[in-house]
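Read through the structure below, which is laid out as structure tokens, and then see the notes.
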Amino acid sequence: MFDYKWALKELETIQTLEQLEEVFQKYLGKQWSLTLAFKEMASLSPEEKKEAGKTLSEAKTLLNEAYEAKLQELSIYQINESLNKDLVDFSLEKSPYNIWHRSLLAEVRREAEEVCKSMWFIIEYGTDVVTKFENFESVNIPLSHPATEMQDTIYLKETDPRGEPLILRTQTSSMQNFMIKKYGVPLKAVVPGKVYRYENMDATHDTMFYQLEGIVVDKWVTIAHAKHMIEKLLSAILKKDVETRMRPWYFPFVEPWFEIDARYEITDPKTGKKTMSKWMELLGAGMIHPKVLEMAGVDPKEYSGFAFGMGLSRLAAVRYGIKDIRYFTNGDLRFAQSF
Ligand code: PHE
């Protein structure tokens, strides 16, 4: 009779998948021991058949289980073996340059977006390339107006359907008309994005910088709402109580208009003494001009609103005490690596 105990022992000693396959064929395969033992049963008496059948079935189950267990064990072993052998070393030698660093600008922009989202503002980015209509006329600046020159910018060869050259937007206010038309009123929306300007560059002016435009339109919106919301936004973004002041200013697309400055301080990390303390203009704002509402299809007798344009680069400078906003974009590794 077939001695399955011996077969079980043999299975235990097996080291490779090839050997396992051999043993499988030997005992469990079609032509081999166990199958043959079943065949041999035909010549037995009914009594013996019953007995032998039981033993053989048991043997078959046990052997199959032992085979499966061994197969699993050897397969895992083989996978690990080949993983170890073929292991690719992905680690590079440490670069002398620390290429990963925090971008303070991106951080402030993201946080500002989160604050605005929590106050139920819609967020849109718009495009850097805009028409002169969007950038100037839609916000009440006729193309012949001297205000266009104050911000004169980069013109593209491509033209709009009117034949006017496309430009790089000088202000995110270029999205006001688009946003009001797209979402209708009442509306609360912000547009964070890059703007390009003709500027005399200095520590607080660059030819490309980031702005965050805000537009709120509803019935009965007053300047008190504007002041309150802007102060809330500023202190949430700057995460500290910043001293602010309001000054009258002139923007053709708002009436009345004002600018908000924040106290900007720099402390020497070594001595702890303040080396600079002055006001920095952070944003322009005002009540949306009736003409701007009309151009976007909103009746200014029924609706009013306010708009503001914050300089995100300046906000980041005030928040982190950065001396010069050009550091954010000029690629100076000493600056980038210090965060
Ligand atoms: N667009 C203005 C600028 O770039 C800022 C501003 C936005 C002023 C909205 C008033 C209202 O300076």
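Just so we're on the same page: first chain in the structure tokens is A, next is B, and so on; residues restart at 1 for each chain, and ligands are numbered from 1 in the order they show up.
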
- prompt: Got a sec to check which residues lie within 8 Å of ligand 1, using only C-alpha atoms and all ligand atoms, and send them as a list in words?
  reply: Thr170, Gln171, Thr172, Ser173, Ser174, Gln211, Glu213, Gly214, Ile215, Phe251, Phe253, Val254, Trp257, Phe258, Glu259, Leu283, Gly284, Ala285, Gly286, Met287, Ile288, Phe306, Ala307, Phe308, Gly309 and Met310 of chain A

task: Would you mind writing down, as a list in words, each residue of segment 117-178 of chain A that DSSP on the backbone assigns to strand (DSSP E or B)?
output: Ile122, Ile123, Val129, Val130, Tyr155, Leu156, Lys157, Glu158, Thr159, Pro165, Leu166, Ile167 and Leu168 of chain A

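Each of A:Leu28, A:Ala317, A:Leu20, A:Leu168 was checked against Asn64 of chain A using only C-alpha atoms; the smallest atom-to-atom distance is that of A:Leu28.
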
message: I'd like the neighbourhood of Ile167 of chain A as number ranges by chain, where a residue qualifies if any of its atoms comes within 12 Å (using only C-alpha atoms), though same-chain residues fewer than 4 positions away should be ignored.
response: A: 127-136, 148, 151-160, 171, 174, 195-197

Which segment 108-182 of chain A residues have any atom within 7 Å of an atom of segment 232-250 of chain A, and for each, what is the nearest pair of atoms with distance in Å to one decimal, counting only C-alpha atoms, rows sorted by chain and number, as CSV?
residue,atom,partner,partner_atom,distance
A:Glu111,CA,A:Ile237,CA,6.6
A:Ala112,CA,A:Ile237,CA,5.6
A:Val115,CA,A:Ala236,CA,6.8

message: Which of segment 187-253 of chain A end up as helix (DSSP H, G or I) when DSSP is run on this backbone - answer as a list in words?
response: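 Output for segment 187-253 of chain A, helix (DSSP H, G or I) only: Ile223, Ala224, His225, Ala226, Lys227, His228, Met229, Ile230, Glu231, Lys232, Leu233, Leu234, Ser235, Ala236, Ile237 and Leu238 of chain A.
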
message: Need to verify the contact set: Leu293 of chain A, 10 Å, only C-alpha atoms, exclusion of same-chain residues closer than 2 positions in sequence. Can you return it as a PyMOL selection string?
response: chain A and resi 138-140+176-177+180-181+217+253+288-291+295-301+303-305

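Between atom CA of Lys70 of chain A and atom CA of Leu17 of chain A the separation is 8.8 Å.
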
- prompt: Hey, what's within 8 Å of segment 271-279 of chain A if we count only C-alpha atoms and toss same-chain stuff fewer than 6 positions away? As a ChimeraX atom specification, please?
  reply: /A:261-265

field: One-decimal distance in Å that lies between atom CA of Tyr327 of chain A and atom CA of Tyr210 of chain A
entry: 13.3 Å

message: Report, in Å to a single decimal, how far apart atom CA of Arg109 of chain A and atom CA of Phe121 of chain A are.
response: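 It comes out at 14.3 Å.
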